[in-house]
There are 2 protein chains.
Amino acid sequence: MKKEDKSKLEEFRRSIDNLDAALIYLVAERFRLTQQVGEYKRANNLPPADEGRESELIARLRQLASDSELDPDFAERLIRFIIDEVVRNHERIRAS
Amino acid sequence: MKKEDKSKLEEFRRSIDNLDAALIYLVAERFRLTQQVGEYKRANNLPPADEGRESELIARLRQLASDSELDPDFAERLIRFIIDEVVRNHERIRAS
């Protein structure tokens with residue numbers, strides 16, 4: 001690889017690294033919130049899942065994805081990937 | 001559901017919705033960058049994958065996840081989920 005290519009790639013990668021760090025912190029904070037939701041629901045005997053909420057959330061994120069030129073199908077798969085982990089965590093909270 | 005429960009849940013959900021919007025915009029921006037990387041690599045005949053880069057990136061994100069009390073295994077699965085989509089996009093760029 002030429003030196004010039006390497007430094008150009010380095011520039012891109014630094015930006016990607018910055019975004020990834022922000023991403024991890026955001027997702028960590030999202031789990032802190034959903035953890036609190038899980039505990040609140042358990043303490044108040046509320047049902048763990050809410051399908052209406054989930055479909056609204058996904059419809060909204062698909063729209064935001066569209067607005068930011070991210071593939072809405074990918075955005076939906078990504079948020080479902082995160083929500084699946086939230087559900088597993090909530091099941092652990094209920095079982096504890 | 002009691003009115004009080006509903007408004008408490010509403011509060012949590014608004015915060016989650018705000019984080020999700022930030023998440024979508026961040027991921028959209030990450031794909032804009034990796035799209036540029038893909039085009040740059042194609043234009044300069046550079047190899048599409050770089051395993052050293054990927055393992056460094058993952059090790060770093062696992063550490064950041066640990067620091068922010070996010071499960072590092074989940075963080076790794078999440079970033080691999082995103083990287084897999086990047087690879088599919090790069091293959092489309094190369095094929096086009």
# chains A, B, ... in the order shown; residues from 1 in each chain; ligands from 1
call {"tool": "residues_around", "arguments": {"residues": "Ala28 in chain B", "least_positions_apart": "4", "cutoff": "12 Å", "atoms": "only C-alpha atoms", "output": "list in words"}}
result
Ile16, Leu19, Asp20, Leu23, Leu61, Arg62, Leu64, Ala65, Ser66, Asp67, Ser68, Glu69, Leu70, Asp71, Pro72, Phe74, Ala75 and Leu78 of chain A; Ala21, Ala22, Leu23, Ile24, Arg32, Leu33, Thr34, Gln35, Ile82 and Val86 of chain B
call {"tool": "residues_around", "arguments": {"residues": "range 37-51 of chain A", "least_positions_apart": "5", "cutoff": "9 Å", "atoms": "only C-alpha atoms", "output": "list in words"}}
result
Arg32, Glu56, Val86, Val87, Asn89, His90, Glu91, Ile93 and Arg94 of chain A; Met1, Asp5, Lys8, Leu9, Phe12 and Arg13 of chain B
call {"tool": "write_last_selection", "arguments": {"atoms": "C-alpha atoms", "output": "CSV table (one decimal), in the first residue's frame"}}
result
chain,number,residue,atom,x,y,z
A,32,ARG,CA,-29.3,1.4,31.3
A,56,GLU,CA,-44.6,2.3,16.6
A,86,VAL,CA,-33.4,-6.2,25.8
A,87,VAL,CA,-36.0,-9.0,26.0
A,89,ASN,CA,-32.3,-9.1,29.8
A,90,HIS,CA,-35.9,-8.5,30.9
A,91,GLU,CA,-36.4,-12.3,31.2
A,93,ILE,CA,-34.7,-9.6,35.6
A,94,ARG,CA,-38.0,-11.5,35.9
B,1,MET,CA,-52.3,0.1,33.7
B,5,ASP,CA,-47.4,3.9,35.6
B,8,LYS,CA,-43.5,7.0,34.2
B,9,LEU,CA,-43.2,4.6,31.3
B,12,PHE,CA,-38.5,6.3,29.9
B,13,ARG,CA,-39.8,5.8,26.4
call {"tool": "closest_residue", "arguments": {"among": "A:Arg88, A:Phe31, A:Arg80, A:Ser55", "to": "chain B", "atoms": "only C-alpha atoms"}}
result
A:Phe31
call {"tool": "closest_residue", "arguments": {"among": "A:Arg14, A:Gln63, A:Arg30, A:Arg77", "to": "chain B", "atoms": "only C-alpha atoms"}}
result
A:Arg30
call {"tool": "closest_residue", "arguments": {"among": "A:Ser15, A:Ile83, A:Ser7, A:Ser96", "to": "chain B", "atoms": "only C-alpha atoms"}}
result
A:Ser15
call {"tool": "atom_distance", "arguments": {"atom1": "CA of Ile58 in chain B", "atom2": "CA of Glu76 in chain A"}}
result
23.0 Å
